[in-house]
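A.B. asks: Provided below: protein_14.txt, containing compact mmCIF, C-alpha atoms.
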# COMPACT_ATOMS: atom_id res chain seq x y z
CA MET A 116 2.85 -14.00 18.74
CA ALA A 117 -0.78 -13.32 18.05
CA LEU A 118 -2.57 -11.11 20.53
CA LYS A 119 -4.61 -12.87 23.20
CA ALA A 120 -8.34 -12.21 23.23
CA SER A 121 -8.35 -12.48 27.04
CA ALA A 122 -5.82 -9.63 27.34
CA LEU A 123 -7.62 -7.19 25.02
CA LYS A 124 -10.47 -4.77 25.51
CA VAL A 125 -12.33 -2.35 23.27
CA GLY A 126 -10.54 1.00 23.20
CA ASP A 127 -7.02 -0.43 23.65
CA LYS A 128 -4.51 1.41 21.47
CA HIS A 129 -1.14 0.65 19.94
CA SER A 130 0.95 3.43 18.32
CA GLU A 131 4.30 3.51 16.56
CA ARG A 132 6.37 6.14 14.81
CA VAL A 133 6.60 4.45 11.40
CA VAL A 134 8.89 6.96 9.67
CA ASP A 135 10.93 9.92 10.88
CA ASN A 136 11.85 12.62 8.33
CA LEU A 137 10.82 10.65 5.23
CA SER A 138 13.57 10.86 2.61
CA ARG A 139 13.16 11.14 -1.13
CA THR A 140 15.51 8.17 -1.31
CA GLN A 141 13.10 5.99 0.67
CA ILE A 142 10.35 6.98 -1.78
CA VAL A 143 12.67 5.92 -4.63
CA GLN A 144 13.35 2.65 -2.78
CA TYR A 145 9.59 2.04 -2.57
CA ALA A 146 9.17 2.83 -6.29
CA GLY A 147 11.82 0.24 -7.13
CA ALA A 148 10.40 -2.48 -4.89
CA SER A 149 6.74 -1.95 -5.79
CA GLY A 150 7.28 -1.22 -9.50
CA ASP A 151 5.26 2.03 -9.34
CA TYR A 152 7.58 4.52 -11.10
CA ASN A 153 5.04 7.35 -11.36
CA PRO A 154 7.29 10.46 -11.64
CA LEU A 155 4.95 12.26 -9.19
CA HIS A 156 6.82 10.32 -6.49
CA THR A 157 10.42 10.53 -7.68
CA ASP A 158 10.86 13.27 -10.29
CA GLU A 159 10.96 16.75 -8.71
CA VAL A 160 11.30 18.50 -12.11
CA TYR A 161 8.21 16.85 -13.59
CA THR A 162 6.15 17.14 -10.41
CA THR A 163 6.82 20.84 -9.78
CA GLN A 164 6.98 22.11 -13.40
CA VAL A 165 4.42 19.92 -15.16
CA ALA A 166 2.07 18.43 -12.55
CA GLY A 167 1.90 21.58 -10.43
CA TYR A 168 2.69 20.18 -6.97
CA PRO A 169 5.12 21.82 -4.51
CA SER A 170 7.37 18.72 -4.50
CA VAL A 171 7.32 14.98 -5.09
CA PHE A 172 5.15 13.08 -2.61
CA ALA A 173 5.01 9.54 -1.29
CA HIS A 174 3.01 6.74 -2.87
CA GLY A 175 -0.19 6.15 -0.91
CA MET A 176 0.90 2.54 -0.81
CA LEU A 177 4.12 3.53 1.01
CA THR A 178 1.97 5.04 3.78
CA MET A 179 -0.09 1.84 3.78
CA GLY A 180 3.09 -0.24 4.01
CA LEU A 181 4.47 1.90 6.85
CA THR A 182 1.16 1.62 8.71
CA GLY A 183 1.09 -2.13 8.03
CA LYS A 184 4.42 -2.42 9.87
CA MET A 185 2.83 -1.01 13.04
CA LEU A 186 -0.14 -3.32 12.52
CA THR A 187 1.83 -6.56 12.11
CA ASN A 188 4.09 -5.62 15.03
CA TYR A 189 0.90 -5.37 17.10
CA VAL A 190 -1.21 -8.33 15.91
CA GLY A 191 1.61 -10.76 15.02
CA ASP A 192 2.90 -12.38 11.85
CA GLY A 193 0.43 -13.81 9.35
CA THR A 194 -2.66 -13.15 11.48
CA LEU A 195 -4.26 -10.32 9.44
CA THR A 196 -7.43 -11.28 7.61
CA LYS A 197 -8.37 -7.77 6.40
CA PHE A 198 -6.53 -4.49 5.93
CA GLY A 199 -8.16 -1.55 4.15
CA VAL A 200 -7.30 2.15 3.97
CA ARG A 201 -8.34 5.54 2.60
CA PHE A 202 -5.68 8.08 1.71
CA THR A 203 -6.87 11.44 3.03
CA ASN A 204 -3.84 13.73 2.63
CA GLN A 205 -0.56 13.55 0.77
CA VAL A 206 2.68 12.58 2.51
CA TRP A 207 5.71 14.73 1.65
CA PRO A 208 9.48 14.31 1.97
CA GLY A 209 10.47 15.35 5.50
CA ASP A 210 7.22 14.11 7.05
CA THR A 211 7.22 12.11 10.28
CA LEU A 212 4.32 9.68 10.62
CA ASP A 213 2.73 8.09 13.67
CA ALA A 214 0.35 5.18 13.09
CA THR A 215 -2.25 4.03 15.63
CA ALA A 216 -4.50 0.98 15.84
CA THR A 217 -7.51 1.10 18.21
CA VAL A 218 -9.50 -1.99 19.21
CA ALA A 219 -13.06 -1.49 17.91
CA ALA A 220 -14.47 -4.97 18.58
CA ILE A 221 -13.48 -8.44 19.78
CA ARG A 222 -15.68 -11.14 18.30
CA GLU A 223 -15.89 -14.76 17.23
CA GLU A 224 -16.63 -16.06 13.75
CA GLY A 225 -16.81 -19.78 13.00
CA GLY A 226 -15.00 -20.59 16.25
CA VAL A 227 -12.15 -18.16 15.51
CA LYS A 228 -11.54 -15.16 17.77
CA LEU A 229 -11.04 -11.94 15.82
CA VAL A 230 -10.19 -8.35 16.61
CA ASP A 231 -11.45 -5.42 14.53
CA LEU A 232 -9.17 -2.39 14.59
CA THR A 233 -9.59 1.17 13.37
CA LEU A 234 -6.43 2.75 11.99
CA SER A 235 -5.21 6.30 11.82
CA THR A 236 -1.89 7.65 10.58
CA VAL A 237 -1.02 11.29 11.26
CA ASN A 238 1.86 13.56 10.28
CA GLN A 239 3.99 15.85 12.47
CA ASP A 240 1.26 18.53 12.36
CA GLY A 241 -1.37 16.09 13.62
CA LYS A 242 -3.02 15.99 10.18
CA GLU A 243 -4.51 12.61 9.33
CA VAL A 244 -2.93 11.24 6.13
CA MET A 245 -4.62 7.84 6.16
CA THR A 246 -7.53 6.14 7.91
CA GLY A 247 -8.42 2.48 7.80
CA ASN A 248 -9.69 -0.74 9.29
CA ALA A 249 -8.14 -4.12 9.88
CA THR A 250 -9.16 -7.52 11.24
CA ALA A 251 -6.77 -10.08 12.74
CA ARG A 252 -7.02 -13.54 14.29
CA LEU A 253 -6.49 -13.76 18.03
CA ASP A 254 -5.27 -16.50 20.32
CA PRO A 255 -7.91 -17.40 22.93
CA MET B 111 -7.87 -7.30 -18.34
CA ALA B 112 -5.46 -10.13 -19.00
CA LYS B 113 -4.35 -12.45 -16.25
CA ILE B 114 -0.90 -11.68 -14.86
CA THR B 115 1.48 -14.35 -13.58
CA PHE B 116 3.21 -13.17 -10.39
CA PRO B 117 6.10 -15.42 -9.33
CA VAL B 118 6.93 -14.55 -5.70
CA GLU B 119 10.63 -14.50 -4.83
CA ALA B 120 12.29 -14.14 -1.43
CA SER B 121 14.59 -11.36 -2.66
CA HIS B 122 11.63 -9.30 -3.85
CA ILE B 123 9.92 -9.68 -0.46
CA MET B 124 13.16 -8.61 1.27
CA MET B 125 13.51 -5.51 -0.93
CA PHE B 126 9.88 -4.61 -0.38
CA ALA B 127 10.21 -4.95 3.41
CA ARG B 128 13.32 -2.73 3.31
CA SER B 129 11.46 -0.08 1.33
CA ILE B 130 8.82 0.25 4.08
CA GLY B 131 11.51 0.21 6.78
CA ASP B 132 10.29 -3.09 8.23
CA THR B 133 13.13 -5.05 9.85
CA ASN B 134 10.93 -7.98 10.98
CA PRO B 135 12.97 -11.16 10.23
CA VAL B 136 9.79 -12.98 9.12
CA TYR B 137 10.27 -11.14 5.81
CA TYR B 138 13.86 -12.24 5.07
CA ASP B 139 15.34 -14.75 7.56
CA GLU B 140 14.10 -18.29 6.90
CA ALA B 141 15.47 -19.74 10.16
CA ALA B 142 13.90 -17.00 12.29
CA ALA B 143 10.67 -17.08 10.27
CA LYS B 144 10.27 -20.84 10.90
CA LYS B 145 9.98 -20.15 14.63
CA THR B 146 7.12 -17.64 14.18
CA GLU B 147 3.47 -18.60 13.86
CA ALA B 148 3.74 -17.83 10.14
CA GLY B 149 5.96 -20.96 9.93
CA GLY B 150 8.28 -19.48 7.30
CA ILE B 151 8.95 -16.33 5.32
CA ILE B 152 5.78 -14.45 4.32
CA ALA B 153 5.27 -11.15 2.53
CA PRO B 154 4.22 -7.91 4.26
CA PRO B 155 0.46 -7.31 3.91
CA SER B 156 0.64 -4.66 1.17
CA PHE B 157 3.22 -6.59 -0.93
CA ALA B 158 0.46 -7.86 -3.25
CA GLN B 159 0.46 -4.50 -5.02
CA SER B 160 3.97 -5.27 -6.37
CA VAL B 161 2.26 -7.39 -9.01
CA ALA B 162 2.81 -4.20 -11.06
CA GLN B 163 6.36 -5.51 -11.69
CA PHE B 164 4.88 -8.42 -13.65
CA ASN B 165 2.31 -6.49 -15.70
CA PRO B 166 4.02 -6.20 -19.12
CA ASP B 167 1.93 -3.14 -20.02
CA TYR B 168 2.08 -1.30 -16.68
CA PHE B 169 1.87 2.38 -17.66
CA LEU B 170 3.83 3.66 -14.66
CA ARG B 171 7.08 1.94 -15.73
CA PRO B 172 9.35 3.44 -18.43
CA LYS B 173 9.79 1.13 -21.41
CA PRO B 174 12.66 1.10 -23.94
CA GLY B 175 11.93 3.06 -27.11
CA GLN B 176 8.75 4.66 -25.78
CA PRO B 177 8.30 8.28 -24.66
CA TRP B 178 8.14 8.66 -20.87
CA PHE B 179 6.09 11.42 -19.26
CA GLY B 180 8.71 12.15 -16.59
CA SER B 181 11.57 14.63 -17.11
CA GLY B 182 14.67 14.24 -19.29
CA LYS B 183 15.93 17.07 -21.48
CA THR B 184 12.58 18.76 -20.84
CA PRO B 185 10.30 18.64 -17.75
CA SER B 186 8.14 16.02 -19.48
CA GLY B 187 9.04 13.65 -22.29
CA VAL B 188 5.46 13.78 -23.56
CA GLN B 189 4.23 16.88 -25.40
CA GLY B 190 0.94 18.60 -25.74
CA LYS B 191 -1.07 16.95 -23.01
CA ALA B 192 -2.35 19.24 -20.27
CA THR B 193 -1.19 17.20 -17.32
CA SER B 194 -3.01 19.00 -14.52
CA SER B 195 -2.52 15.88 -12.46
CA GLY B 196 -2.38 12.18 -13.04
CA GLY B 197 -4.46 9.65 -11.23
CA LEU B 198 -4.07 9.35 -7.47
CA HIS B 199 -4.72 6.39 -5.21
CA ALA B 200 -7.80 6.98 -3.03
CA GLU B 201 -8.40 3.65 -1.27
CA GLN B 202 -6.92 0.17 -1.03
CA HIS B 203 -8.45 -2.88 0.66
CA PHE B 204 -6.99 -6.36 1.06
CA GLU B 205 -8.75 -9.49 2.21
CA PHE B 206 -6.29 -12.24 3.13
CA HIS B 207 -7.34 -15.85 2.75
CA ARG B 208 -3.73 -16.72 3.55
CA HIS B 209 -0.47 -14.77 3.33
CA ILE B 210 1.81 -14.77 0.27
CA LYS B 211 5.07 -16.73 0.60
CA PRO B 212 8.20 -17.19 -1.54
CA GLY B 213 7.70 -19.85 -4.20
CA ASP B 214 4.06 -18.97 -4.78
CA VAL B 215 3.19 -18.51 -8.43
CA LEU B 216 0.12 -16.31 -8.30
CA THR B 217 -2.30 -15.62 -11.08
CA VAL B 218 -3.86 -12.20 -10.77
CA GLU B 219 -7.03 -11.23 -12.54
CA THR B 220 -8.31 -7.65 -12.33
CA LYS B 221 -11.84 -6.57 -13.12
CA PRO B 222 -13.38 -3.10 -13.15
CA GLY B 223 -15.80 -2.30 -10.32
CA LYS B 224 -17.97 0.73 -9.58
CA THR B 225 -17.30 4.27 -10.85
CA TRP B 226 -18.58 7.51 -9.31
CA GLU B 227 -17.96 11.26 -9.26
CA ARG B 228 -17.87 13.90 -6.58
CA GLU B 229 -17.11 17.64 -6.40
CA SER B 230 -14.33 18.75 -4.08
CA LYS B 231 -13.17 22.22 -3.02
CA ARG B 232 -9.50 21.19 -3.08
CA ALA B 233 -9.28 19.55 -6.53
CA GLY B 234 -12.46 20.19 -8.55
CA LYS B 235 -14.37 17.28 -10.03
CA LEU B 236 -13.16 13.91 -8.74
CA SER B 237 -13.72 10.80 -10.86
CA PHE B 238 -13.38 7.56 -8.90
CA ARG B 239 -12.98 4.08 -10.36
CA GLU B 240 -12.75 0.81 -8.50
CA THR B 241 -10.82 -2.30 -9.57
CA ILE B 242 -11.06 -5.74 -7.99
CA SER B 243 -8.11 -8.12 -8.23
CA GLU B 244 -8.14 -11.78 -7.30
CA TYR B 245 -4.82 -13.43 -6.49
CA ARG B 246 -4.95 -17.22 -6.87
CA ASP B 247 -2.15 -19.67 -6.14
CA GLN B 248 -0.72 -22.56 -8.16
CA ASP B 249 -3.54 -24.79 -6.86
CA GLY B 250 -6.25 -22.34 -7.91
CA ASN B 251 -7.00 -21.31 -4.33
CA LEU B 252 -7.85 -17.70 -3.60
CA VAL B 253 -5.01 -16.05 -1.61
CA ILE B 254 -5.90 -12.35 -1.63
CA THR B 255 -8.78 -10.24 -2.87
CA ALA B 256 -7.66 -6.64 -3.43
CA THR B 257 -9.98 -3.71 -4.08
CA GLY B 258 -8.39 -0.48 -5.23
CA VAL B 259 -9.97 2.91 -5.83
CA GLY B 260 -8.22 5.39 -8.11
CA VAL B 261 -9.20 9.02 -8.48
CA THR B 262 -8.56 11.47 -11.29
CA THR B 263 -8.73 15.11 -10.19
CA GLU B 264 -9.74 18.10 -12.31
CA ARG B 265 -6.73 20.06 -11.00
CA PRO B 266 -3.84 19.39 -8.59
CA VAL B 267 -4.96 18.98 -4.98
CA SER B 268 -4.54 22.36 -3.25
CA GLN B 269 -2.51 22.23 -0.05
CA GLY B 270 -3.45 23.59 3.34
Spell out the structure here as structure tokens.
C.D. replies:
Amino acid sequence: MALKASALKVGDKHSERVVDNLSRTQIVQYAGASGDYNPLHTDEVYTTQVAGYPSVFAHGMLTMGLTGKMLTNYVGDGTLTKFGVRFTNQVWPGDTLDATATVAAIREEGGVKLVDLTLSTVNQDGKEVMTGNATARLDP
Amino acid sequence: MAKITFPVEASHIMMFARSIGDTNPVYYDEAAAKKTEAGGIIAPPSFAQSVAQFNPDYFLRPKPGQPWFGSGKTPSGVQGKATSSGGLHAEQHFEFHRHIKPGDVLTVETKPGKTWERESKRAGKLSFRETISEYRDQDGNLVITATGVGVTTERPVSQG
């Protein structure tokens, strides 16, 4: 179900824990599904010994996908018109992520009610790993 | 860049939804999806990026008979290149004209956008480049416009 414009107000928030103790295997699963086999995400030997990182880390797009799950659970299926993000910190195996959408505006465009949301995804230390914006269609 | 043909299959959407831990039946169960306002199975919003599977030259997929920069007998299968760090993904934006569904045969055309540079304390000089991809369906209608920003860092991003 799409959200109802009449039941929303600016400042409303929706949060979900989108992953708990991220596993290397889930990162591998994402590599396989998305087709992005960059060894920085799946190859501990390459990433630590050649690339110089402490361990493999998640694809930014996995964090976007995890955050998108919270978003579609909130706004409903097939109602998103925009979804954009900036990756601000890396996400590591073992991380637990909480994603939040906050209502920034409720407006009308060409007779269609829309909600603008600001997005923030943080890790277990409260560090922001991703910020973003989204727009979705509302029911009246 | 060449146009890529992206045939969208239900099994690919299901695998993608699993990989992001999304158990919403609208991504795999046709009967349940019919009852939602999507009217049938659709793809999760960031699925569009999986077009990489259909790019024959995608550089982040190992190819038979070609050296791969990940580890094998040695920590990297490619010699001599100072790999301080590869490119990282800085931003991604999608504009949905409608949502992707199984059976779509999308044509994806990617064009370069802006480029810019910035100094950072954590990773040295950052070089940003934008790409804009248009996903059109079998009828030529625009489905998704995707804008990506990649960044190449001078050195690995320091932690902390």
A.B. asks: For A:Tyr168, work out the shell of residues within 7 Å, counting only C-alpha atoms and skipping chain neighbours fewer than 4 positions away, then give it as a list in words.
C.D. replies: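 Selected residues are Thr162 and Thr163 of chain A; Pro266 of chain B.
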A.B. asks: Write down, as a PyMOL selection string, each residue of chain B that has any atom within 6 Å of an atom of chain A, counting only C-alpha atoms.
C.D. replies: chain B and resi 125-126+129-130+148+156+160+162-163+170-171+180-181+185-186+193-195+200-206
A.B. asks: Have a look at atom CA of B:Lys113 and atom CA of B:Arg128 and let me know their distance in Å, one decimal.
C.D. replies: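 Pair atom CA of B:Lys113 / atom CA of B:Arg128 returns 28.1 Å.
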A.B. asks: Using only C-alpha atoms, determine which residues lie at most 6 Å from B:Leu236, disregarding the query and same-chain residues fewer than 4 positions distant; provide the list as JSON, numbers by chain.
C.D. replies: {"B": [227, 228, 229, 262, 263]}
A.B. asks: Could you tell me how far atom CA of A:Val244 sits from atom CA of B:Tyr245, in Å to one decimal place?
C.D. replies: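 Separation between atom CA of B:Tyr245 and atom CA of A:Val244: 27.8 Å.
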A.B. asks: Take atom CA of B:Val161 and atom CA of B:Lys173 and report the distance between them in Å, one decimal.
C.D. replies: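 It comes out at 16.8 Å.
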A.B. asks: Find the residues near stretch 216-223 of chain A: any atom within 7 Å, counting only C-alpha atoms, skip ones fewer than 6 places away on the same chain, and give them as a ChimeraX atom specification.
C.D. replies: /A:124-130,186,229-235
A.B. asks: At most 9 Å from (-9.0, -1.7, -8.6), file frame, all atoms listed in the file: which residues, as JSON, numbers by chain?
C.D. replies: {"B": [202, 220, 221, 222, 223, 239, 240, 241, 242, 243, 256, 257, 258, 259, 260]}
A.B. asks: From the list A:Leu253, A:Thr215, A:Phe172, A:Ala120, which residue is nearest A:Thr236 when using all atoms listed in the file?
C.D. replies: A:Thr215
A.B. asks: Of the candidates B:Ser121, B:Gln248, B:Asn165, B:Thr225, which one gets nearest to B:Ile152 if we count all atoms listed in the file?
C.D. replies: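 Using all atoms listed in the file, B:Ile152 sits closest to B:Ser121.
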A.B. asks: Considering only C-alpha atoms, state which residue in the set B:Gly234, B:Gly250, B:Gly149, B:Gly131 is at the smallest distance from B:Thr217.
C.D. replies: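 Checking each of B:Gly234, B:Gly250, B:Gly149, B:Gly131 against B:Thr217, counting only C-alpha atoms, the winner is B:Gly250.
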A.B. asks: Compare B:Glu244, B:His209, B:Val218, B:Pro172 by their minimum atom-to-atom distance to B:Pro155, counting all atoms listed in the file, and give me the closest one.
C.D. replies: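 Closest to B:Pro155, using all atoms listed in the file: B:His209.
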A.B. asks: Find the residues near B:Ile123: any atom within 8 Å, counting all atoms listed in the file, skip ones fewer than 4 places away on the same chain, and give them as a ChimeraX atom specification.
C.D. replies: /B:118-119,127,137-138,152-154,157,212
A.B. asks: Rank B:Leu216, B:His122, B:His199, B:Lys144 by their smallest atom-to-atom distance to B:Ile254, using only C-alpha atoms, and report the top residue only.
C.D. replies: B:Leu216
A.B. asks: Got a minute to add N, CA and C atoms to stretch 220-255 of chain A and dump it as an mmCIF file, in the coordinates of the input?
C.D. replies:
data_model
loop_
_atom_site.group_PDB
_atom_site.id
_atom_site.type_symbol
_atom_site.label_atom_id
_atom_site.label_comp_id
_atom_site.auth_asym_id
_atom_site.auth_seq_id
_atom_site.Cartn_x
_atom_site.Cartn_y
_atom_site.Cartn_z
ATOM 1 N N ALA A 220 -13.610 -3.852 18.180
ATOM 2 C CA ALA A 220 -14.470 -4.970 18.580
ATOM 3 C C ALA A 220 -13.630 -6.228 18.740
ATOM 4 N N ILE A 221 -14.073 -7.100 19.640
ATOM 5 C CA ILE A 221 -13.480 -8.440 19.780
ATOM 6 C C ILE A 221 -14.650 -9.399 19.588
ATOM 7 N N ARG A 222 -14.522 -10.303 18.647
ATOM 8 C CA ARG A 222 -15.680 -11.140 18.300
ATOM 9 C C ARG A 222 -15.219 -12.531 17.897
ATOM 10 N N GLU A 223 -16.203 -13.403 17.629
ATOM 11 C CA GLU A 223 -15.890 -14.760 17.230
ATOM 12 C C GLU A 223 -16.651 -15.072 15.955
ATOM 13 N N GLU A 224 -15.985 -15.718 15.017
ATOM 14 C CA GLU A 224 -16.630 -16.060 13.750
ATOM 15 C C GLU A 224 -16.184 -17.476 13.396
ATOM 16 N N GLY A 225 -17.125 -18.386 13.324
ATOM 17 C CA GLY A 225 -16.810 -19.780 13.000
ATOM 18 C C GLY A 225 -15.789 -20.385 13.961
ATOM 19 N N GLY A 226 -15.904 -20.034 15.240
ATOM 20 C CA GLY A 226 -15.000 -20.590 16.250
ATOM 21 C C GLY A 226 -13.649 -19.912 16.327
ATOM 22 N N VAL A 227 -13.433 -18.882 15.505
ATOM 23 C CA VAL A 227 -12.150 -18.160 15.510
ATOM 24 C C VAL A 227 -12.357 -16.794 16.168
ATOM 25 N N LYS A 228 -11.477 -16.479 17.127
ATOM 26 C CA LYS A 228 -11.540 -15.160 17.770
ATOM 27 C C LYS A 228 -10.874 -14.132 16.858
ATOM 28 N N LEU A 229 -11.555 -12.996 16.696
ATOM 29 C CA LEU A 229 -11.040 -11.940 15.820
ATOM 30 C C LEU A 229 -11.064 -10.602 16.533
ATOM 31 N N VAL A 230 -10.144 -9.729 16.127
ATOM 32 C CA VAL A 230 -10.190 -8.350 16.610
ATOM 33 C C VAL A 230 -10.368 -7.426 15.409
ATOM 34 N N ASP A 231 -11.284 -6.472 15.534
ATOM 35 C CA ASP A 231 -11.450 -5.420 14.530
ATOM 36 C C ASP A 231 -10.746 -4.167 15.060
ATOM 37 N N LEU A 232 -9.952 -3.563 14.199
ATOM 38 C CA LEU A 232 -9.170 -2.390 14.590
ATOM 39 C C LEU A 232 -9.512 -1.219 13.677
ATOM 40 N N THR A 233 -9.539 -0.015 14.226
ATOM 41 C CA THR A 233 -9.590 1.170 13.370
ATOM 42 C C THR A 233 -8.169 1.748 13.344
ATOM 43 N N LEU A 234 -7.804 2.297 12.200
ATOM 44 C CA LEU A 234 -6.430 2.750 11.990
ATOM 45 C C LEU A 234 -6.414 4.235 11.662
ATOM 46 N N SER A 235 -5.385 4.889 12.146
ATOM 47 C CA SER A 235 -5.210 6.300 11.820
ATOM 48 C C SER A 235 -3.722 6.599 11.773
ATOM 49 N N THR A 236 -3.292 7.261 10.703
ATOM 50 C CA THR A 236 -1.890 7.650 10.580
ATOM 51 C C THR A 236 -1.854 9.163 10.413
ATOM 52 N N VAL A 237 -1.070 9.824 11.264
ATOM 53 C CA VAL A 237 -1.020 11.290 11.260
ATOM 54 C C VAL A 237 0.411 11.756 11.028
ATOM 55 N N ASN A 238 0.533 12.983 10.481
ATOM 56 C CA ASN A 238 1.860 13.560 10.280
ATOM 57 C C ASN A 238 2.270 14.419 11.475
ATOM 58 N N GLN A 239 3.418 15.077 11.350
ATOM 59 C CA GLN A 239 3.990 15.850 12.470
ATOM 60 C C GLN A 239 3.106 17.027 12.875
ATOM 61 N N ASP A 240 2.177 17.443 12.010
ATOM 62 C CA ASP A 240 1.260 18.530 12.360
ATOM 63 C C ASP A 240 -0.056 18.009 12.920
ATOM 64 N N GLY A 241 -0.138 16.690 13.105
ATOM 65 C CA GLY A 241 -1.370 16.090 13.620
ATOM 66 C C GLY A 241 -2.433 15.909 12.556
ATOM 67 N N LYS A 242 -2.063 16.142 11.294
ATOM 68 C CA LYS A 242 -3.020 15.990 10.180
ATOM 69 C C LYS A 242 -3.088 14.522 9.803
ATOM 70 N N GLU A 243 -4.329 14.023 9.675
ATOM 71 C CA GLU A 243 -4.510 12.610 9.330
ATOM 72 C C GLU A 243 -4.196 12.417 7.843
ATOM 73 N N VAL A 244 -3.284 11.492 7.529
ATOM 74 C CA VAL A 244 -2.930 11.240 6.130
ATOM 75 C C VAL A 244 -3.588 9.960 5.619
ATOM 76 N N MET A 245 -4.004 9.110 6.546
ATOM 77 C CA MET A 245 -4.620 7.840 6.160
ATOM 78 C C MET A 245 -5.524 7.354 7.287
ATOM 79 N N THR A 246 -6.677 6.802 6.923
ATOM 80 C CA THR A 246 -7.530 6.140 7.910
ATOM 81 C C THR A 246 -7.753 4.718 7.409
ATOM 82 N N GLY A 247 -8.186 3.844 8.279
ATOM 83 C CA GLY A 247 -8.420 2.480 7.800
ATOM 84 C C GLY A 247 -9.022 1.576 8.841
ATOM 85 N N ASN A 248 -9.150 0.318 8.427
ATOM 86 C CA ASN A 248 -9.690 -0.740 9.290
ATOM 87 C C ASN A 248 -8.881 -2.003 9.043
ATOM 88 N N ALA A 249 -8.802 -2.833 10.062
ATOM 89 C CA ALA A 249 -8.140 -4.120 9.880
ATOM 90 C C ALA A 249 -8.800 -5.142 10.792
ATOM 91 N N THR A 250 -8.675 -6.405 10.411
ATOM 92 C CA THR A 250 -9.160 -7.520 11.240
ATOM 93 C C THR A 250 -8.027 -8.534 11.340
ATOM 94 N N ALA A 251 -7.821 -9.076 12.541
ATOM 95 C CA ALA A 251 -6.770 -10.080 12.740
ATOM 96 C C ALA A 251 -7.287 -11.206 13.631
ATOM 97 N N ARG A 252 -6.707 -12.383 13.433
ATOM 98 C CA ARG A 252 -7.020 -13.540 14.290
ATOM 99 C C ARG A 252 -6.349 -13.382 15.636
ATOM 100 N N LEU A 253 -7.037 -13.831 16.665
ATOM 101 C CA LEU A 253 -6.490 -13.760 18.030
ATOM 102 C C LEU A 253 -6.268 -15.162 18.568
ATOM 103 N N ASP A 254 -5.345 -15.281 19.505
ATOM 104 C CA ASP A 254 -5.270 -16.500 20.320
ATOM 105 C C ASP A 254 -6.354 -16.367 21.391
ATOM 106 N N PRO A 255 -6.865 -17.498 21.912
ATOM 107 C CA PRO A 255 -7.910 -17.400 22.930
ATOM 108 C C PRO A 255 -7.365 -16.708 24.188
#
